[in-house]
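Participant: The following block contains the structure, expressed as structure tokens.
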Amino acid sequence: QLRQFAKIASHDLQEPLRAVQGFAALLAEAKQGEINNDSAEYISFIIDGTERMKQLIQSILVHSQISASDSFQQVTDCQSVVDAVLADMHSVINETQTKLEIEALPAVAVERSQLVQLFQNLISNSIKYRSSRPPVISIAAKKIMHQWLFSVCDNGIGIDSRYTDRIFDMFSRLHSKGQYPGTGIGLAICKKIVDSHGGNIWVESKLGHGSMFMFTLPAVKKERKTTMDEKIQILLVEDSPSDVRLTQEALKRSPLEYELTIAGDGVEALEYLHDLKKTAYRKLPDIILLDLNMPRKNGHEVLEDIKKDPVLRPLPVILLTVSEREDDVQEALRSKMNYYLAKPITTEKITSIIKSIYELYNSQPHEAIYTQEEIHIRLVLAGNPHTSLVALASLASDPSKRVRSRLAENPRLTEELQWKLVRDTEVEVRVNLCENANLIPAVLELLAKDINEDVRLAASASPLIPKHILQELACDENVYVSASASRSLDRF
Ligand code: ADP
């Protein structure tokens, strides 16, 4: 109710504000040259005042919308958050010659945009309230039981110990607007974020000797991959907040047990993955959902980097696309995507894909009944040359004949899987196996001796078939087989 109230109130407040702002500007323009200096100054005070009011209203809105409910099952890497915040602030960091000392930071169970606000407010305050020396900011984290204790330390002007509690109150400021610009709401937002996650925030400072802001946040529960009902780790790489939200909502409504990590763009995603590689106890994601159009690094570039890395290469990557056009999909699959998901993302679509891929990649036992969507996913994966070998092995026992047939053509099929499929009871599977570009000779020989004439016919057309087998097939009792074999013989 409070959220709703703040939303409506701020909307209604903004309307008269815009009117005041607009007409003050019109007045300034209309009376230019006619009014004296005092009047011109009064008008500029009105305009400044309305601008400030606008900022305050927006801050109240942000403050009222903070809650921990969005953080449910979230894992956000603070390192990537801080890196993104610093990247955004790079010009002020350069201008002020700020020195940064940042230790390895953990992942916490807090929704990403809230962490961005938290670090952004603290870091920008450390620069804003700097002393005459160039700012030095150190950020570190220490694990204490099930929480992480963070510290953001600066060498700035410091805070009088009498006011160290008060500064976290809404609109509370220790300086005039003339000395330092601001609304006095930044730390109130930080406090609400930390409080709502069951943490604490406080500051230790001495006037003239810098400040150390400390806060605690919940650690991510460690998950070890032992049982089947283990949570599926999903990494969503998406820069559009509305698409992030849609995906979160779709997942929330799914029956999946999952943990979602969000990376705001490709650079962040790669940094996150590389960090995970370095951290022994944390496992890599089971599935990556990758948006194509992103700033800094687009989906194709991210994918290229993932596929170049021997540790990351096997991770299944699902492309999030706005287009379901066959060309686009084929292009995506060619560029080593494992699957694609057309936006808008719905619960049904995302559940089927994640479940299917997770099961395949983890060799989970098959379930008897598949939905059409799940069969389609298996079909795409079976035909995709980038599907992992574990998944291919699993698909070789797929109950759907269509899926096994598609798999039979996959050039990545191992010898072992070729031997398995050459004994498949379905003719269609064996026929398609003949079209495989990497068949081993022994399997091909077996196909050429198959009891089914359609299979022998397909074998006779294979470009891999050796001459001596063709000569035998040219005498085949089935006229179509012998004709085809003779035609192929002409090639030699
Ligand atoms: P604002 O951005 O308007 O300054 P904040 O809520 O961010 O509002 O901070 C409240 C007050 O706390 C500030 O006005 C300032 O006096 C004090 N403060 C915040 N951060 C620091 C800091 N790093 N060093 C010294 N004073 C600080």
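Each chain in the structure tokens gets a letter, A, B, ..., in the order shown, and its residues are numbered from 1; ligands are numbered from 1 in order too.
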Name each residue within 9 Å of ligand 1, counting only C-alpha atoms and all ligand atoms, as a VMD selection string.
Facilitator: chain A and resid 121 to 130 152 to 160 163 to 164 166 to 177 180 to 190 203 205 207 to 208 210 to 213
Participant: Go ahead and save the residues from that selection, with C-alpha atoms, as an mmCIF file, in the first residue's frame.
Facilitator:
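And here is the file that came out, out.cif:
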data_model
loop_
_atom_site.group_PDB
_atom_site.id
_atom_site.type_symbol
_atom_site.label_atom_id
_atom_site.label_comp_id
_atom_site.auth_asym_id
_atom_site.auth_seq_id
_atom_site.Cartn_x
_atom_site.Cartn_y
_atom_site.Cartn_z
ATOM 1 C CA ASN A 121 25.720 6.008 -3.413
ATOM 2 C CA LEU A 122 28.614 5.082 -1.157
ATOM 3 C CA ILE A 123 31.331 5.456 -3.780
ATOM 4 C CA SER A 124 29.969 8.753 -5.112
ATOM 5 C CA ASN A 125 29.730 10.118 -1.548
ATOM 6 C CA SER A 126 33.356 9.146 -0.933
ATOM 7 C CA ILE A 127 34.347 11.239 -3.928
ATOM 8 C CA LYS A 128 31.920 14.088 -3.247
ATOM 9 C CA TYR A 129 32.982 14.510 0.386
ATOM 10 C CA ARG A 130 36.705 14.375 -0.405
ATOM 11 C CA VAL A 152 33.785 1.191 1.929
ATOM 12 C CA CYS A 153 36.525 3.352 3.291
ATOM 13 C CA ASP A 154 37.635 6.842 2.202
ATOM 14 C CA ASN A 155 40.163 9.514 3.178
ATOM 15 C CA GLY A 156 37.664 12.386 2.870
ATOM 16 C CA ILE A 157 36.418 15.133 5.177
ATOM 17 C CA GLY A 158 34.979 12.681 7.700
ATOM 18 C CA ILE A 159 31.867 13.061 9.852
ATOM 19 C CA ASP A 160 31.423 14.528 13.311
ATOM 20 C CA TYR A 163 25.899 12.931 13.567
ATOM 21 C CA THR A 164 26.930 9.460 12.457
ATOM 22 C CA ARG A 166 21.459 10.868 11.761
ATOM 23 C CA ILE A 167 22.969 10.843 8.268
ATOM 24 C CA PHE A 168 21.024 7.674 7.401
ATOM 25 C CA ASP A 169 17.710 9.468 7.896
ATOM 26 C CA MET A 170 15.729 10.673 4.919
ATOM 27 C CA PHE A 171 16.688 14.222 3.800
ATOM 28 C CA SER A 172 19.278 14.478 6.524
ATOM 29 C CA ARG A 173 22.375 16.425 5.437
ATOM 30 C CA LEU A 174 25.297 17.918 7.294
ATOM 31 C CA HIS A 175 26.140 20.518 4.677
ATOM 32 C CA SER A 176 24.306 23.213 2.822
ATOM 33 C CA LYS A 177 23.367 22.797 -0.797
ATOM 34 C CA TYR A 180 27.882 20.169 -1.587
ATOM 35 C CA PRO A 181 24.979 19.408 -3.922
ATOM 36 C CA GLY A 182 22.642 16.606 -2.876
ATOM 37 C CA THR A 183 19.229 15.647 -1.584
ATOM 38 C CA GLY A 184 20.104 13.807 1.617
ATOM 39 C CA ILE A 185 18.388 10.668 0.423
ATOM 40 C CA GLY A 186 21.317 8.535 -0.818
ATOM 41 C CA LEU A 187 22.196 7.017 2.528
ATOM 42 C CA ALA A 188 18.515 6.571 3.437
ATOM 43 C CA ILE A 189 18.217 4.424 0.302
ATOM 44 C CA CYS A 190 21.342 2.465 1.293
ATOM 45 C CA VAL A 203 29.714 4.458 9.721
ATOM 46 C CA SER A 205 34.506 8.246 11.209
ATOM 47 C CA LEU A 207 36.049 14.622 11.392
ATOM 48 C CA GLY A 208 38.929 15.356 9.047
ATOM 49 C CA GLY A 210 37.947 9.978 6.460
ATOM 50 C CA SER A 211 35.001 7.632 6.905
ATOM 51 C CA MET A 212 34.476 3.912 6.888
ATOM 52 C CA PHE A 213 30.962 2.797 5.916
#
Participant: Please provide as a list in words all residues within 6 Å of A:Leu290, with the sequence filter that same-chain residues fewer than 5 positions apart are discarded (counting only C-alpha atoms).
Facilitator: Val237, Ile318, Leu319 and Leu320 of chain A
Participant: Output N, CA, C and O atoms of each residue in that selection to a file, as a JSON list (two decimals), in the first residue's frame.
Facilitator:
[["chain", "number", "residue", "atom", "x", "y", "z"],
["A", 237, "VAL", "N", 21.91, -13.03, -19.21],
["A", 237, "VAL", "CA", 22.71, -11.90, -19.67],
["A", 237, "VAL", "C", 21.79, -11.01, -20.50],
["A", 237, "VAL", "O", 21.44, -11.34, -21.62],
["A", 318, "ILE", "N", 21.65, -20.43, -24.46],
["A", 318, "ILE", "CA", 20.39, -20.23, -25.17],
["A", 318, "ILE", "C", 20.31, -18.78, -25.61],
["A", 318, "ILE", "O", 20.43, -17.88, -24.80],
["A", 319, "LEU", "N", 20.12, -18.60, -26.89],
["A", 319, "LEU", "CA", 20.02, -17.24, -27.42],
["A", 319, "LEU", "C", 18.61, -16.70, -27.22],
["A", 319, "LEU", "O", 17.63, -17.37, -27.53],
["A", 320, "LEU", "N", 18.54, -15.49, -26.69],
["A", 320, "LEU", "CA", 17.24, -14.83, -26.57],
["A", 320, "LEU", "C", 17.08, -13.95, -27.79],
["A", 320, "LEU", "O", 17.87, -13.05, -28.02]]
Participant: Quick one: residues within 7 Å of stretch 388-392 of chain A, only C-alpha atoms, excluding same-chain residues fewer than 6 positions away - as a list of chain:residue names?
Facilitator: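 Selected residues are A:Pro314, A:Leu360, A:Tyr361, A:Ser363, A:Ala382.
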Participant: Between A:Leu489, A:Ile102, A:Leu149, A:Leu417, which has the minimum distance to A:Met214 (counting only C-alpha atoms)?
Facilitator: A:Leu149
Participant: Would you work out the distance separating atom CA of A:Ile46 from atom CA of A:Pro16, expressed in Å to one decimal?
Facilitator: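 So the answer is 13.3 Å.
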Participant: Find the residues near stretch 83-87 of chain A: any atom within 9 Å, counting only C-alpha atoms, skip ones fewer than 3 places away on the same chain, and give them as a CSV table (one decimal) with C-alpha atoms, in the first residue's frame.
Facilitator:
chain,number,residue,atom,x,y,z
A,78,CYS,CA,29.3,-7.7,-6.1
A,79,GLN,CA,32.6,-7.6,-8.0
A,80,SER,CA,30.8,-7.2,-11.3
A,90,HIS,CA,35.1,6.8,-14.8
A,91,SER,CA,35.1,10.4,-15.8
A,93,ILE,CA,37.2,9.2,-11.0
A,116,VAL,CA,24.2,-1.0,-7.9
A,117,GLN,CA,22.3,1.8,-5.9
A,119,PHE,CA,27.6,0.9,-4.1
A,120,GLN,CA,26.9,3.9,-6.3
A,123,ILE,CA,31.3,5.5,-3.8
A,264,GLY,CA,23.6,-6.5,-17.2
A,268,GLU,CA,29.8,-8.3,-16.9
Participant: Once DSSP has gone over the backbone, tell me which residues of stretch 243-409 of chain A are in strand (DSSP E), as an MDAnalysis selection string.
Facilitator: chainID A and resid 258:263 287:291 317:321 339:342
Participant: Would you put the residues from that selection into a file with C-alpha atoms, as a short mmCIF file (atom, residue, chain, number, x, y, z; two decimals), in the first residue's frame?
Facilitator:
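As written to disk, out-v5.cif reads:
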data_model
loop_
_atom_site.label_atom_id
_atom_site.label_comp_id
_atom_site.auth_asym_id
_atom_site.auth_seq_id
_atom_site.Cartn_x
_atom_site.Cartn_y
_atom_site.Cartn_z
CA TYR A 258 16.52 -22.53 -9.77
CA GLU A 259 18.88 -19.78 -8.81
CA LEU A 260 19.05 -16.82 -11.13
CA THR A 261 22.03 -14.54 -11.60
CA ILE A 262 21.67 -11.49 -13.77
CA ALA A 263 24.48 -9.86 -15.70
CA ILE A 287 22.42 -22.72 -18.45
CA ILE A 288 23.18 -19.30 -19.91
CA LEU A 289 20.38 -17.19 -21.36
CA LEU A 290 22.04 -14.71 -23.67
CA ASP A 291 20.52 -11.62 -25.23
CA VAL A 317 23.93 -21.19 -24.21
CA ILE A 318 20.39 -20.23 -25.17
CA LEU A 319 20.02 -17.24 -27.42
CA LEU A 320 17.24 -14.83 -26.57
CA THR A 321 15.96 -13.52 -29.85
CA TYR A 339 19.20 -23.26 -28.56
CA TYR A 340 17.13 -20.17 -29.06
CA LEU A 341 14.17 -18.70 -27.26
CA ALA A 342 11.96 -16.18 -28.99
#
Participant: For each of A:Lys336, A:Val322, A:Pro106, A:Thr247, take the minimum atom-to-atom distance to A:Lys278, counting only C-alpha atoms, then give the residue where this is smallest.
Facilitator: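 Closest residue, counting only C-alpha atoms: A:Pro106.
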Participant: Between atom CA of A:Asp398 and atom CA of A:Ile306, what is the distance in Å, rounded to a tenth?
Facilitator: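 About the pair atom CA of A:Asp398 and atom CA of A:Ile306: they are 28.2 Å apart.
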Participant: Apply DSSP to the backbone of this structure and, from stretch 294-434 of chain A, keep only the residues in alpha helix (DSSP H); write these as a PyMOL selection string.
Facilitator: chain A and resi 299-308+326-334+347-361+372-383+389-395+401-408+415-421+427-433
Participant: Can you list, as JSON, numbers by chain, every protein, DNA or RNA residue that comes within 12 Å of A:Pro466 when you count only C-alpha atoms, leaving out same-chain residues fewer than 5 positions away?
Facilitator: {"A": [439, 440, 441, 442, 444, 445, 448, 459, 460, 461, 471, 472, 473, 485, 488, 489, 491, 492]}
Participant: Okay, now the selection with all heavy atoms, as a tab-separated table (two decimals), in the first residue's frame?
Facilitator:
chain	number	residue	atom	x	y	z
A	439	LEU	N	30.81	-40.77	-40.77
A	439	LEU	CA	30.63	-42.18	-40.42
A	439	LEU	C	31.94	-42.94	-40.48
A	439	LEU	O	32.77	-42.71	-41.36
A	439	LEU	CB	29.67	-42.83	-41.41
A	439	LEU	CG	28.18	-42.72	-41.14
A	439	LEU	CD1	27.43	-43.66	-42.06
A	439	LEU	CD2	27.86	-43.05	-39.69
A	440	ILE	N	32.10	-43.88	-39.54
A	440	ILE	CA	33.30	-44.71	-39.63
A	440	ILE	C	33.02	-45.86	-40.62
A	440	ILE	O	31.87	-46.30	-40.74
A	440	ILE	CB	33.74	-45.25	-38.24
A	440	ILE	CG1	32.62	-46.03	-37.57
A	440	ILE	CG2	34.21	-44.12	-37.35
A	440	ILE	CD1	33.12	-46.88	-36.41
A	441	PRO	N	34.05	-46.34	-41.34
A	441	PRO	CA	33.82	-47.34	-42.40
A	441	PRO	C	33.08	-48.58	-41.92
A	441	PRO	O	32.21	-49.09	-42.63
A	441	PRO	CB	35.24	-47.68	-42.86
A	441	PRO	CG	36.07	-46.51	-42.45
A	441	PRO	CD	35.42	-45.92	-41.25
A	442	ALA	N	33.41	-49.05	-40.72
A	442	ALA	CA	32.78	-50.29	-40.26
A	442	ALA	C	31.27	-50.14	-40.11
A	442	ALA	O	30.50	-51.05	-40.43
A	442	ALA	CB	33.40	-50.72	-38.93
A	444	LEU	N	29.44	-47.99	-41.78
A	444	LEU	CA	28.91	-47.84	-43.13
A	444	LEU	C	28.75	-49.21	-43.80
A	444	LEU	O	27.76	-49.48	-44.48
A	444	LEU	CB	29.88	-46.96	-43.93
A	444	LEU	CG	29.37	-46.36	-45.21
A	444	LEU	CD1	28.07	-45.59	-44.98
A	444	LEU	CD2	30.40	-45.39	-45.78
A	445	GLU	N	29.72	-50.08	-43.55
A	445	GLU	CA	29.66	-51.42	-44.13
A	445	GLU	C	28.43	-52.17	-43.61
A	445	GLU	O	27.74	-52.84	-44.36
A	445	GLU	CB	30.95	-52.17	-43.75
A	445	GLU	CG	31.21	-53.33	-44.66
A	445	GLU	CD	32.68	-53.75	-44.68
A	445	GLU	OE1	33.55	-52.97	-44.21
A	445	GLU	OE2	32.93	-54.87	-45.14
A	448	ALA	N	25.38	-50.91	-45.28
A	448	ALA	CA	25.28	-51.40	-46.66
A	448	ALA	C	24.74	-52.83	-46.69
A	448	ALA	O	24.29	-53.31	-47.73
A	448	ALA	CB	26.63	-51.32	-47.33
A	459	ALA	N	22.66	-45.99	-48.08
A	459	ALA	CA	24.10	-46.25	-47.94
A	459	ALA	C	24.79	-46.14	-49.30
A	459	ALA	O	25.89	-45.60	-49.42
A	459	ALA	CB	24.33	-47.63	-47.33
A	460	SER	N	24.11	-46.63	-50.33
A	460	SER	CA	24.73	-46.60	-51.67
A	460	SER	C	24.95	-45.17	-52.15
A	460	SER	O	25.78	-44.92	-53.02
A	460	SER	CB	23.85	-47.36	-52.66
A	460	SER	OG	22.67	-46.61	-52.91
A	461	ALA	N	24.19	-44.23	-51.57
A	461	ALA	CA	24.32	-42.83	-52.00
A	461	ALA	C	25.33	-42.06	-51.15
A	461	ALA	O	25.62	-40.90	-51.44
A	461	ALA	CB	22.96	-42.16	-51.94
A	471	GLN	N	30.52	-52.12	-55.24
A	471	GLN	CA	30.48	-53.20	-56.24
A	471	GLN	C	29.52	-54.30	-55.80
A	471	GLN	O	28.76	-54.85	-56.59
A	471	GLN	CB	31.89	-53.74	-56.46
A	471	GLN	CG	32.63	-52.88	-57.46
A	471	GLN	CD	34.15	-53.08	-57.42
A	471	GLN	OE1	34.69	-53.65	-56.45
A	471	GLN	NE2	34.82	-52.63	-58.45
A	472	GLU	N	29.54	-54.56	-54.49
A	472	GLU	CA	28.61	-55.57	-53.95
A	472	GLU	C	27.18	-55.10	-54.08
A	472	GLU	O	26.29	-55.84	-54.50
A	472	GLU	CB	28.89	-55.80	-52.47
A	472	GLU	CG	29.89	-56.90	-52.21
A	472	GLU	CD	30.19	-57.02	-50.72
A	472	GLU	OE1	29.23	-57.07	-49.92
A	472	GLU	OE2	31.38	-57.00	-50.37
A	473	LEU	N	26.97	-53.80	-53.74
A	473	LEU	CA	25.61	-53.25	-53.78
A	473	LEU	C	25.06	-53.19	-55.20
A	473	LEU	O	23.85	-53.26	-55.42
A	473	LEU	CB	25.58	-51.85	-53.16
A	473	LEU	CG	25.58	-51.78	-51.63
A	473	LEU	CD1	25.72	-50.33	-51.17
A	473	LEU	CD2	24.31	-52.39	-51.05
A	485	ALA	N	23.75	-47.74	-56.70
A	485	ALA	CA	25.15	-48.12	-56.47
A	485	ALA	C	25.95	-47.99	-57.77
A	485	ALA	O	27.09	-47.50	-57.76
A	485	ALA	CB	25.23	-49.54	-55.93
A	488	SER	N	26.73	-44.43	-58.36
A	488	SER	CA	27.82	-43.97	-57.48
A	488	SER	C	29.16	-44.52	-57.96
A	488	SER	O	30.18	-43.84	-57.83
A	488	SER	CB	27.59	-44.43	-56.04
A	488	SER	OG	26.41	-43.84	-55.54
A	489	LEU	N	29.14	-45.75	-58.48
A	489	LEU	CA	30.39	-46.36	-58.97
A	489	LEU	C	31.02	-45.54	-60.09
A	489	LEU	O	32.24	-45.48	-60.22
A	489	LEU	CB	30.11	-47.77	-59.48
A	489	LEU	CG	30.37	-48.93	-58.54
A	489	LEU	CD1	30.01	-50.24	-59.20
A	489	LEU	CD2	31.85	-48.94	-58.10
A	491	ARG	N	31.40	-42.57	-60.24
A	491	ARG	CA	32.24	-41.51	-59.70
A	491	ARG	C	33.71	-41.93	-59.63
A	491	ARG	O	34.60	-41.11	-59.66
A	491	ARG	CB	31.82	-41.14	-58.26
A	491	ARG	CG	30.50	-40.41	-58.14
A	491	ARG	CD	30.45	-39.74	-56.77
A	491	ARG	NE	30.90	-40.62	-55.69
A	491	ARG	CZ	30.09	-41.21	-54.81
A	491	ARG	NH1	28.79	-41.02	-54.88
A	491	ARG	NH2	30.58	-41.98	-53.86
A	492	PHE	N	33.90	-43.25	-59.44
A	492	PHE	CA	35.29	-43.69	-59.24
A	492	PHE	C	36.05	-43.74	-60.56
A	492	PHE	O	35.54	-44.10	-61.58
A	492	PHE	CB	35.30	-45.08	-58.57
A	492	PHE	CG	34.94	-45.00	-57.12
A	492	PHE	CD1	33.63	-45.17	-56.69
A	492	PHE	CD2	35.91	-44.70	-56.17
A	492	PHE	CE1	33.30	-45.08	-55.36
A	492	PHE	CE2	35.58	-44.62	-54.83
A	492	PHE	CZ	34.27	-44.80	-54.42
Participant: Contacts of stretch 59-68 of chain A at 8 Å or less, counting only C-alpha atoms, minus same-chain residues fewer than 6 places along, as a list in words?
Facilitator: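 Neighbouring residues, sequence-local ones excluded: Leu2, Arg3, Ala6, Lys7, Ser10, Val110, Glu111, Gln114, Ile185, Ala188, Ile189, Lys192, Ile193, Ser196 and His197 of chain A.
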Participant: Include C-alpha atoms and write out the residues we just selected as an mmCIF file, in the first residue's frame.
Facilitator:
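Once written, again28.cif looks like this:
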data_model
loop_
_atom_site.group_PDB
_atom_site.id
_atom_site.type_symbol
_atom_site.label_atom_id
_atom_site.label_comp_id
_atom_site.auth_asym_id
_atom_site.auth_seq_id
_atom_site.Cartn_x
_atom_site.Cartn_y
_atom_site.Cartn_z
ATOM 1 C CA LEU A 2 2.819 2.342 0.874
ATOM 2 C CA ARG A 3 4.489 1.621 -2.463
ATOM 3 C CA ALA A 6 4.187 6.764 -3.072
ATOM 4 C CA LYS A 7 3.756 5.984 -6.724
ATOM 5 C CA SER A 10 4.747 11.264 -6.719
ATOM 6 C CA VAL A 110 20.440 -9.340 -3.193
ATOM 7 C CA GLU A 111 18.786 -8.210 -6.402
ATOM 8 C CA GLN A 114 19.697 -2.590 -5.435
ATOM 9 C CA ILE A 185 18.388 10.668 0.423
ATOM 10 C CA ALA A 188 18.515 6.571 3.437
ATOM 11 C CA ILE A 189 18.217 4.424 0.302
ATOM 12 C CA LYS A 192 16.581 0.670 3.412
ATOM 13 C CA ILE A 193 18.272 -1.776 1.030
ATOM 14 C CA SER A 196 15.251 -4.993 4.161
ATOM 15 C CA HIS A 197 17.747 -7.831 3.673
#
